[in-house]
file start.cif (mmCIF, C-alpha atoms; chains and numbers go by the auth columns)
data_upload
loop_
_atom_site.group_PDB
_atom_site.id
_atom_site.type_symbol
_atom_site.label_atom_id
_atom_site.label_comp_id
_atom_site.label_asym_id
_atom_site.label_seq_id
_atom_site.Cartn_x
_atom_site.Cartn_y
_atom_site.Cartn_z
_atom_site.B_iso_or_equiv
_atom_site.auth_seq_id
_atom_site.auth_asym_id
ATOM 1 C CA MET A 1 -62.735 1.643 14.961 0.00 1 J
ATOM 2 C CA LYS A 2 -63.057 -1.795 16.470 0.00 2 J
ATOM 3 C CA GLU A 3 -61.485 -2.208 19.904 0.00 3 J
ATOM 4 C CA ALA A 4 -59.378 -5.076 18.533 0.00 4 J
ATOM 5 C CA ALA A 5 -58.058 -2.822 15.758 0.00 5 J
ATOM 6 C CA LEU A 6 -57.013 -0.132 18.231 0.00 6 J
ATOM 7 C CA LYS A 7 -55.345 -2.744 20.430 0.00 7 J
ATOM 8 C CA ALA A 8 -53.434 -4.153 17.435 0.00 8 J
ATOM 9 C CA ALA A 9 -52.250 -0.678 16.442 0.00 9 J
ATOM 10 C CA ARG A 10 -50.870 0.067 19.912 0.00 10 J
ATOM 11 C CA GLU A 11 -49.226 -3.346 20.114 0.00 11 J
ATOM 12 C CA ALA A 12 -47.447 -2.700 16.800 0.00 12 J
ATOM 13 C CA TYR A 13 -45.502 0.135 18.451 0.00 13 J
ATOM 14 C CA GLU A 14 -44.484 -2.121 21.311 0.00 14 J
ATOM 15 C CA ILE A 15 -43.471 -5.043 19.094 0.00 15 J
ATOM 16 C CA GLU A 16 -41.240 -2.919 16.877 0.00 16 J
ATOM 17 C CA ALA A 17 -39.703 -0.979 19.774 0.00 17 J
ATOM 18 C CA GLU A 18 -38.850 -4.279 21.470 0.00 18 J
ATOM 19 C CA CYS A 19 -37.294 -5.569 18.243 0.00 19 J
ATOM 20 C CA ILE A 20 -34.942 -2.586 17.951 0.00 20 J
ATOM 21 C CA ARG A 21 -33.865 -2.927 21.577 0.00 21 J
ATOM 22 C CA GLU A 22 -33.193 -6.637 21.134 0.00 22 J
ATOM 23 C CA GLU A 23 -31.391 -6.193 17.800 0.00 23 J
ATOM 24 C CA LEU A 24 -28.681 -4.105 19.446 0.00 24 J
ATOM 25 C CA ALA A 25 -27.644 -7.187 21.434 0.00 25 J
ATOM 26 C CA TYR A 26 -26.680 -8.859 18.134 0.00 26 J
ATOM 27 C CA PHE A 27 -24.510 -5.930 17.024 0.00 27 J
ATOM 28 C CA ASP A 28 -21.105 -7.316 15.999 0.00 28 J
ATOM 29 C CA ASP A 29 -18.419 -4.617 16.197 0.00 29 J
ATOM 30 C CA ALA A 30 -15.988 -6.480 13.935 0.00 30 J
ATOM 31 C CA ALA A 31 -18.492 -7.307 11.188 0.00 31 J
ATOM 32 C CA PHE A 32 -20.065 -3.864 11.275 0.00 32 J
ATOM 33 C CA GLY A 33 -16.658 -2.207 11.204 0.00 33 J
ATOM 34 C CA ALA A 34 -15.614 -4.308 8.212 0.00 34 J
ATOM 35 C CA ALA A 35 -18.813 -3.307 6.403 0.00 35 J
ATOM 36 C CA VAL A 36 -18.206 0.379 7.065 0.00 36 J
ATOM 37 C CA ASP A 37 -14.596 0.114 5.883 0.00 37 J
ATOM 38 C CA VAL A 38 -15.459 -1.467 2.534 0.00 38 J
ATOM 39 C CA LEU A 39 -18.454 0.814 1.934 0.00 39 J
ATOM 40 C CA ALA A 40 -16.310 3.873 2.642 0.00 40 J
ATOM 41 C CA LYS A 41 -13.756 2.803 0.031 0.00 41 J
ATOM 42 C CA ALA A 42 -16.048 1.338 -2.636 0.00 42 J
ATOM 43 C CA PRO A 43 -16.222 3.213 -5.947 0.00 43 J
ATOM 44 C CA ARG A 44 -19.791 1.969 -6.367 0.00 44 J
ATOM 45 C CA ILE A 45 -22.359 0.249 -4.152 0.00 45 J
ATOM 46 C CA GLY A 46 -25.175 -2.018 -5.283 0.00 46 J
ATOM 47 C CA ALA A 47 -28.085 -3.291 -3.217 0.00 47 J
ATOM 48 C CA ALA A 48 -30.595 -6.034 -3.898 0.00 48 J
ATOM 49 C CA GLY A 49 -33.460 -7.773 -2.170 0.00 49 J
ATOM 50 C CA CYS A 50 -36.935 -9.036 -2.990 0.00 50 J
ATOM 51 C CA GLY A 51 -40.295 -7.858 -1.708 0.00 51 J
ATOM 52 C CA HIS A 52 -40.123 -5.684 1.383 0.00 52 J
ATOM 53 C CA SER A 53 -36.360 -6.227 1.644 0.00 53 J
ATOM 54 C CA GLY A 54 -35.984 -4.889 -1.880 0.00 54 J
ATOM 55 C CA ILE A 55 -37.951 -1.772 -1.021 0.00 55 J
ATOM 56 C CA ILE A 56 -35.687 -1.122 1.956 0.00 56 J
ATOM 57 C CA CYS A 57 -32.642 -1.735 -0.259 0.00 57 J
ATOM 58 C CA GLN A 58 -33.901 1.090 -2.481 0.00 58 J
ATOM 59 C CA HIS A 59 -33.962 3.269 0.624 0.00 59 J
ATOM 60 C CA PHE A 60 -30.409 2.166 1.465 0.00 60 J
ATOM 61 C CA ALA A 61 -29.152 3.125 -2.006 0.00 61 J
ATOM 62 C CA HIS A 62 -30.703 6.562 -1.568 0.00 62 J
ATOM 63 C CA LEU A 63 -29.126 6.914 1.887 0.00 63 J
ATOM 64 C CA MET A 64 -25.733 6.203 0.334 0.00 64 J
ATOM 65 C CA CYS A 65 -26.272 8.769 -2.418 0.00 65 J
ATOM 66 C CA CYS A 66 -27.208 11.342 0.232 0.00 66 J
ATOM 67 C CA ILE A 67 -23.684 11.045 1.642 0.00 67 J
ATOM 68 C CA GLU A 68 -22.141 10.903 -1.828 0.00 68 J
ATOM 69 C CA ARG A 69 -21.407 7.183 -1.921 0.00 69 J
ATOM 70 C CA PRO A 70 -22.492 6.312 -5.493 0.00 70 J
ATOM 71 C CA ALA A 71 -25.130 3.598 -5.153 0.00 71 J
ATOM 72 C CA ARG A 72 -28.107 2.069 -6.879 0.00 72 J
ATOM 73 C CA PHE A 73 -30.712 -0.579 -6.261 0.00 73 J
ATOM 74 C CA ILE A 74 -30.271 -3.481 -8.660 0.00 74 J
ATOM 75 C CA SER A 75 -33.532 -5.276 -9.318 0.00 75 J
ATOM 76 C CA PRO A 76 -33.081 -9.047 -9.024 0.00 76 J
ATOM 77 C CA ALA A 77 -34.999 -9.434 -12.275 0.00 77 J
ATOM 78 C CA GLU A 78 -32.790 -6.933 -14.126 0.00 78 J
ATOM 79 C CA ALA A 79 -29.569 -8.148 -12.464 0.00 79 J
ATOM 80 C CA VAL A 80 -29.432 -11.299 -14.564 0.00 80 J
ATOM 81 C CA HIS A 81 -30.261 -9.350 -17.723 0.00 81 J
ATOM 82 C CA GLY A 82 -27.251 -7.028 -17.705 0.00 82 J
ATOM 83 C CA ALA A 83 -27.806 -4.666 -14.776 0.00 83 J
ATOM 84 C CA THR A 84 -24.856 -6.166 -12.875 0.00 84 J
ATOM 85 C CA GLY A 85 -22.694 -4.425 -15.466 0.00 85 J
ATOM 86 C CA PHE A 86 -22.924 -1.508 -13.022 0.00 86 J
ATOM 87 C CA LEU A 87 -20.626 -3.430 -10.682 0.00 87 J
ATOM 88 C CA GLN A 88 -16.870 -3.579 -11.183 0.00 88 J
ATOM 89 C CA LYS A 89 -13.971 -5.118 -9.285 0.00 89 J
ATOM 90 C CA GLY A 90 -13.583 -3.389 -5.924 0.00 90 J
ATOM 91 C CA ASP A 91 -17.244 -2.433 -5.644 0.00 91 J
ATOM 92 C CA VAL A 92 -19.593 -3.613 -2.895 0.00 92 J
ATOM 93 C CA MET A 93 -22.914 -5.422 -3.249 0.00 93 J
ATOM 94 C CA VAL A 94 -25.348 -5.485 -0.327 0.00 94 J
ATOM 95 C CA PHE A 95 -27.908 -8.282 -0.183 0.00 95 J
ATOM 96 C CA ALA A 96 -30.869 -8.240 2.190 0.00 96 J
ATOM 97 C CA SER A 97 -32.826 -11.403 2.870 0.00 97 J
ATOM 98 C CA ARG A 98 -34.322 -12.259 6.230 0.00 98 J
ATOM 99 C CA GLY A 99 -34.117 -16.012 5.586 0.00 99 J
ATOM 100 C CA GLY A 100 -30.964 -15.770 3.476 0.00 100 J
ATOM 101 C CA LYS A 101 -32.323 -18.201 0.893 0.00 101 J
ATOM 102 C CA THR A 102 -33.990 -15.899 -1.629 0.00 102 J
ATOM 103 C CA LYS A 103 -33.514 -17.811 -4.886 0.00 103 J
ATOM 104 C CA GLU A 104 -33.607 -14.708 -7.076 0.00 104 J
ATOM 105 C CA LEU A 105 -30.484 -13.352 -5.358 0.00 105 J
ATOM 106 C CA LEU A 106 -28.250 -16.421 -5.642 0.00 106 J
ATOM 107 C CA PRO A 107 -27.299 -15.941 -9.333 0.00 107 J
ATOM 108 C CA ILE A 108 -26.236 -12.370 -8.512 0.00 108 J
ATOM 109 C CA VAL A 109 -23.861 -13.725 -5.866 0.00 109 J
ATOM 110 C CA ASP A 110 -22.142 -15.829 -8.519 0.00 110 J
ATOM 111 C CA ILE A 111 -21.742 -12.790 -10.768 0.00 111 J
ATOM 112 C CA CYS A 112 -20.311 -10.703 -7.902 0.00 112 J
ATOM 113 C CA LYS A 113 -17.779 -13.393 -7.030 0.00 113 J
ATOM 114 C CA ALA A 114 -16.661 -13.695 -10.649 0.00 114 J
ATOM 115 C CA LYS A 115 -16.221 -9.911 -10.889 0.00 115 J
ATOM 116 C CA GLY A 116 -14.354 -9.441 -7.608 0.00 116 J
ATOM 117 C CA VAL A 117 -17.177 -7.530 -5.907 0.00 117 J
ATOM 118 C CA THR A 118 -17.259 -7.594 -2.102 0.00 118 J
ATOM 119 C CA ILE A 119 -20.507 -9.076 -0.759 0.00 119 J
ATOM 120 C CA ILE A 120 -22.291 -7.879 2.375 0.00 120 J
ATOM 121 C CA THR A 121 -25.330 -9.893 3.421 0.00 121 J
ATOM 122 C CA VAL A 122 -27.884 -8.742 5.974 0.00 122 J
ATOM 123 C CA THR A 123 -29.874 -11.727 7.222 0.00 123 J
ATOM 124 C CA GLU A 124 -31.355 -13.399 10.258 0.00 124 J
ATOM 125 C CA ASN A 125 -30.078 -16.813 9.161 0.00 125 J
ATOM 126 C CA LEU A 126 -26.296 -17.001 9.546 0.00 126 J
ATOM 127 C CA GLU A 127 -26.256 -20.549 8.155 0.00 127 J
ATOM 128 C CA SER A 128 -28.064 -19.596 4.946 0.00 128 J
ATOM 129 C CA PRO A 129 -26.558 -19.673 1.436 0.00 129 J
ATOM 130 C CA LEU A 130 -26.429 -15.879 1.203 0.00 130 J
ATOM 131 C CA ALA A 131 -24.643 -15.656 4.549 0.00 131 J
ATOM 132 C CA GLN A 132 -22.227 -18.470 3.811 0.00 132 J
ATOM 133 C CA GLN A 133 -21.146 -16.939 0.499 0.00 133 J
ATOM 134 C CA ALA A 134 -20.784 -13.393 1.818 0.00 134 J
ATOM 135 C CA ASP A 135 -17.545 -11.646 2.728 0.00 135 J
ATOM 136 C CA ILE A 136 -19.300 -9.819 5.567 0.00 136 J
ATOM 137 C CA VAL A 137 -22.521 -10.766 7.364 0.00 137 J
ATOM 138 C CA LEU A 138 -24.628 -8.406 9.451 0.00 138 J
ATOM 139 C CA LYS A 139 -27.112 -10.112 11.740 0.00 139 J
ATOM 140 C CA GLN A 140 -30.742 -9.057 11.461 0.00 140 J
ATOM 141 C CA HIS A 141 -33.033 -9.853 14.376 0.00 141 J
ATOM 142 C CA VAL A 142 -36.815 -10.039 14.249 0.00 142 J
ATOM 143 C CA ASN A 143 -38.932 -10.862 17.295 0.00 143 J
ATOM 144 C CA ARG A 144 -42.208 -11.096 15.349 0.00 144 J
ATOM 145 C CA GLU A 145 -44.151 -9.237 12.705 0.00 145 J
ATOM 146 C CA THR A 146 -46.832 -6.854 13.909 0.00 146 J
ATOM 147 C CA ASP A 147 -49.873 -8.616 12.428 0.00 147 J
ATOM 148 C CA LYS A 148 -51.651 -11.300 14.429 0.00 148 J
ATOM 149 C CA TRP A 149 -50.538 -14.034 12.014 0.00 149 J
ATOM 150 C CA ASN A 150 -46.878 -12.979 12.199 0.00 150 J
ATOM 151 C CA SER A 151 -46.665 -13.043 8.408 0.00 151 J
ATOM 152 C CA GLN A 152 -46.583 -9.462 7.058 0.00 152 J
ATOM 153 C CA GLY A 153 -43.199 -7.802 6.378 0.00 153 J
ATOM 154 C CA THR A 154 -43.474 -5.134 9.059 0.00 154 J
ATOM 155 C CA THR A 155 -41.112 -5.512 12.009 0.00 155 J
ATOM 156 C CA SER A 156 -38.595 -7.213 9.722 0.00 156 J
ATOM 157 C CA THR A 157 -38.435 -4.145 7.479 0.00 157 J
ATOM 158 C CA THR A 158 -37.955 -1.899 10.507 0.00 158 J
ATOM 159 C CA ALA A 159 -35.113 -4.109 11.730 0.00 159 J
ATOM 160 C CA LEU A 160 -33.450 -3.925 8.310 0.00 160 J
ATOM 161 C CA CYS A 161 -33.963 -0.173 8.130 0.00 161 J
ATOM 162 C CA VAL A 162 -32.241 0.337 11.477 0.00 162 J
ATOM 163 C CA ILE A 163 -29.162 -1.567 10.272 0.00 163 J
ATOM 164 C CA PHE A 164 -29.000 0.581 7.136 0.00 164 J
ATOM 165 C CA HIS A 165 -29.490 3.769 9.151 0.00 165 J
ATOM 166 C CA ALA A 166 -26.673 2.711 11.480 0.00 166 J
ATOM 167 C CA LEU A 167 -24.407 2.135 8.482 0.00 167 J
ATOM 168 C CA GLN A 168 -25.115 5.605 7.146 0.00 168 J
ATOM 169 C CA ALA A 169 -24.506 7.225 10.544 0.00 169 J
ATOM 170 C CA ALA A 170 -21.185 5.381 10.847 0.00 170 J
ATOM 171 C CA LEU A 171 -20.152 6.262 7.297 0.00 171 J
ATOM 172 C CA ILE A 172 -20.743 9.961 7.941 0.00 172 J
ATOM 173 C CA GLU A 173 -18.168 9.727 10.733 0.00 173 J
ATOM 174 C CA GLN A 174 -15.820 7.389 8.837 0.00 174 J
ATOM 175 C CA THR A 175 -15.658 9.564 5.719 0.00 175 J
ATOM 176 C CA GLY A 176 -15.860 12.963 7.415 0.00 176 J
ATOM 177 C CA TYR A 177 -18.925 13.846 5.388 0.00 177 J
ATOM 178 C CA ARG A 178 -19.987 17.436 6.064 0.00 178 J
ATOM 179 C CA ASN A 179 -23.445 18.952 6.210 0.00 179 J
ATOM 180 C CA GLU A 180 -22.252 21.646 3.780 0.00 180 J
ATOM 181 C CA GLN A 181 -21.794 18.905 1.183 0.00 181 J
ATOM 182 C CA PHE A 182 -25.335 17.716 1.773 0.00 182 J
ATOM 183 C CA ALA A 183 -26.646 21.273 1.422 0.00 183 J
ATOM 184 C CA LEU A 184 -25.272 21.420 -2.119 0.00 184 J
ATOM 185 C CA ILE A 185 -27.029 18.248 -3.279 0.00 185 J
ATOM 186 C CA HIS A 186 -30.227 18.839 -1.284 0.00 186 J
ATOM 187 C CA PRO A 187 -31.524 22.318 -2.160 0.00 187 J
ATOM 188 C CA GLY A 188 -35.127 21.111 -2.288 0.00 188 J
ATOM 189 C CA GLY A 189 -37.852 21.072 0.342 0.00 189 J
ATOM 190 C CA ALA A 190 -37.833 22.271 3.937 0.00 190 J
ATOM 191 C CA VAL A 191 -34.533 20.483 4.630 0.00 191 J
ATOM 192 C CA GLY A 192 -32.858 22.216 1.689 0.00 192 J
ATOM 193 C CA GLU A 193 -34.226 25.573 2.791 0.00 193 J
ATOM 194 C CA ARG A 194 -32.822 25.075 6.290 0.00 194 J
ATOM 195 C CA LEU A 195 -29.450 23.801 5.090 0.00 195 J
ATOM 196 C CA ASN A 196 -28.964 26.636 2.601 0.00 196 J
ATOM 197 C CA LYS A 197 -30.255 29.470 4.744 0.00 197 J
ATOM 198 C CA LYS A 198 -27.770 32.360 4.609 0.00 198 J
#
call {"tool": "encode", "arguments": {"input": "start.cif", "output": "structure tokens"}}
result
Amino acid sequence: MKEAALKAAREAYEIEAECIREELAYFDDAAFGAAVDVLAKAPRIGAAGCGHSGIICQHFAHLMCCIERPARFISPAEAVHGATGFLQKGDVMVFASRGGKTKELLPIVDICKAKGVTIITVTENLESPLAQQADIVLKQHVNRETDKWNSQGTTSTTALCVIFHALQAALIEQTGYRNEQFALIHPGGAVGERLNKK
């Protein structure tokens, strides 16, 4: 391995660790609490983003299902071709967009507003269209991406992941979700074996 490659790999750990430490300073108790409240009560939860944000939104939907909050990732492409039929009045839609201007997501916002769906936006840009039209905004913070050109979706996906992990941790407490419930729906793999050990 080139010396520069090894140096870049080690620096990636430092960049992302610094980002997580810094992101905590932007934690807004009121906004986060409002997000947890609506997610805890929502009959259904949708999540949408593009690119790396979309991939992490898929992870978020799975996290919600793991604590029995019915959720699904809604592809921006499918959303405007009927997939938003999943959402009903009283549901929650989570949008993730670092810049808050992702054009593919804006038509979905209009649909959510017309249907009475609560909108949560996770973004770095609080003045963006997605932030301005949201009911609740959670601030994402990114110091820089890990590559030398600061252009690959690396640190930004970690920052988004941490916010989603924090939401799940809070929802477990808010809803009183028990590990015994998780054992029932997760019989597979090493985790399932441990959870269901008699």
call {"tool": "residues_around", "arguments": {"input": "start.cif", "residues": "segment 127-131 of chain J", "least_positions_apart": "6", "cutoff": "10 Å", "atoms": "all atoms listed in the file", "output": "VMD selection string"}}
result
chain J and resid 95 to 103 105 to 106 109 119 to 121 137 to 139
call {"tool": "resolve_selection", "arguments": {"input": "start.cif", "expression": "the PyMOL selection byres ((chain J and resi 69-75) around 10)", "output": "PyMOL selection string"}}
result
chain J and resi 39-50+54-68+76-81+83-84+86-87+91-94+104-105+108+168+171+175
call {"tool": "residues_around", "arguments": {"input": "start.cif", "residues": "Asn196 of chain J", "least_positions_apart": "3", "cutoff": "12 Å", "atoms": "all atoms listed in the file", "output": "compact mmCIF listing (two decimals) with C-alpha atoms, in the frame of the given file"}}
result
# COMPACT_ATOMS: atom_id res chain seq x y z
CA ASN J 179 -23.44 18.95 6.21
CA GLU J 180 -22.25 21.65 3.78
CA GLN J 181 -21.79 18.90 1.18
CA PHE J 182 -25.34 17.72 1.77
CA ALA J 183 -26.65 21.27 1.42
CA LEU J 184 -25.27 21.42 -2.12
CA ILE J 185 -27.03 18.25 -3.28
CA HIS J 186 -30.23 18.84 -1.28
CA PRO J 187 -31.52 22.32 -2.16
CA GLY J 188 -35.13 21.11 -2.29
CA GLY J 189 -37.85 21.07 0.34
CA ALA J 190 -37.83 22.27 3.94
CA VAL J 191 -34.53 20.48 4.63
CA GLY J 192 -32.86 22.22 1.69
CA GLU J 193 -34.23 25.57 2.79
call {"tool": "build_atoms", "arguments": {"input": "start.cif", "residues": "segment 101-128 of chain J", "atoms": "N, CA and C atoms", "output": "short mmCIF file (atom, residue, chain, number, x, y, z; two decimals), in the coordinates of the input"}}
result
data_model
loop_
_atom_site.label_atom_id
_atom_site.label_comp_id
_atom_site.auth_asym_id
_atom_site.auth_seq_id
_atom_site.Cartn_x
_atom_site.Cartn_y
_atom_site.Cartn_z
N LYS J 101 -32.20 -17.15 1.90
CA LYS J 101 -32.32 -18.20 0.89
C LYS J 101 -33.04 -17.72 -0.37
N THR J 102 -33.23 -16.44 -0.50
CA THR J 102 -33.99 -15.90 -1.63
C THR J 102 -33.36 -16.33 -2.96
N LYS J 103 -34.07 -17.18 -3.69
CA LYS J 103 -33.51 -17.81 -4.89
C LYS J 103 -33.14 -16.80 -5.96
N GLU J 104 -33.88 -15.71 -6.04
CA GLU J 104 -33.61 -14.71 -7.08
C GLU J 104 -32.26 -14.02 -6.88
N LEU J 105 -31.74 -14.05 -5.64
CA LEU J 105 -30.48 -13.35 -5.36
C LEU J 105 -29.25 -14.21 -5.60
N LEU J 106 -29.41 -15.53 -5.56
CA LEU J 106 -28.25 -16.42 -5.64
C LEU J 106 -27.45 -16.29 -6.94
N PRO J 107 -28.10 -16.13 -8.11
CA PRO J 107 -27.30 -15.94 -9.33
C PRO J 107 -26.48 -14.65 -9.30
N ILE J 108 -26.97 -13.64 -8.59
CA ILE J 108 -26.24 -12.37 -8.51
C ILE J 108 -24.97 -12.56 -7.69
N VAL J 109 -25.04 -13.41 -6.68
CA VAL J 109 -23.86 -13.72 -5.87
C VAL J 109 -22.76 -14.30 -6.75
N ASP J 110 -23.12 -15.22 -7.62
CA ASP J 110 -22.14 -15.83 -8.52
C ASP J 110 -21.48 -14.78 -9.41
N ILE J 111 -22.27 -13.86 -9.92
CA ILE J 111 -21.74 -12.79 -10.77
C ILE J 111 -20.77 -11.92 -9.97
N CYS J 112 -21.16 -11.55 -8.75
CA CYS J 112 -20.31 -10.70 -7.90
C CYS J 112 -18.98 -11.38 -7.61
N LYS J 113 -19.01 -12.66 -7.32
CA LYS J 113 -17.78 -13.39 -7.03
C LYS J 113 -16.87 -13.43 -8.25
N ALA J 114 -17.45 -13.64 -9.42
CA ALA J 114 -16.66 -13.70 -10.65
C ALA J 114 -16.04 -12.34 -10.98
N LYS J 115 -16.71 -11.25 -10.56
CA LYS J 115 -16.22 -9.91 -10.89
C LYS J 115 -15.34 -9.30 -9.80
N GLY J 116 -15.17 -10.00 -8.68
CA GLY J 116 -14.35 -9.44 -7.61
C GLY J 116 -15.05 -8.36 -6.82
N VAL J 117 -16.37 -8.50 -6.67
CA VAL J 117 -17.18 -7.53 -5.91
C VAL J 117 -17.34 -8.06 -4.48
N THR J 118 -17.10 -7.21 -3.51
CA THR J 118 -17.26 -7.59 -2.10
C THR J 118 -18.74 -7.72 -1.77
N ILE J 119 -19.11 -8.79 -1.08
CA ILE J 119 -20.51 -9.08 -0.76
C ILE J 119 -20.77 -8.86 0.73
N ILE J 120 -21.76 -8.04 1.02
CA ILE J 120 -22.29 -7.88 2.38
C ILE J 120 -23.70 -8.45 2.38
N THR J 121 -23.98 -9.35 3.29
CA THR J 121 -25.33 -9.89 3.42
C THR J 121 -25.91 -9.51 4.78
N VAL J 122 -27.13 -9.02 4.75
CA VAL J 122 -27.88 -8.74 5.97
C VAL J 122 -28.98 -9.79 6.06
N THR J 123 -28.93 -10.62 7.11
CA THR J 123 -29.87 -11.73 7.22
C THR J 123 -30.03 -12.16 8.67
N GLU J 124 -31.12 -12.83 8.94
CA GLU J 124 -31.36 -13.40 10.26
C GLU J 124 -30.72 -14.79 10.36
N ASN J 125 -30.54 -15.43 9.20
CA ASN J 125 -30.08 -16.81 9.16
C ASN J 125 -28.59 -16.87 8.79
N LEU J 126 -27.74 -17.00 9.78
CA LEU J 126 -26.30 -17.00 9.55
C LEU J 126 -25.79 -18.28 8.88
N GLU J 127 -26.63 -19.29 8.81
CA GLU J 127 -26.26 -20.55 8.15
C GLU J 127 -26.80 -20.63 6.73
N SER J 128 -27.41 -19.59 6.25
CA SER J 128 -28.06 -19.60 4.95
C SER J 128 -27.05 -19.47 3.81
#
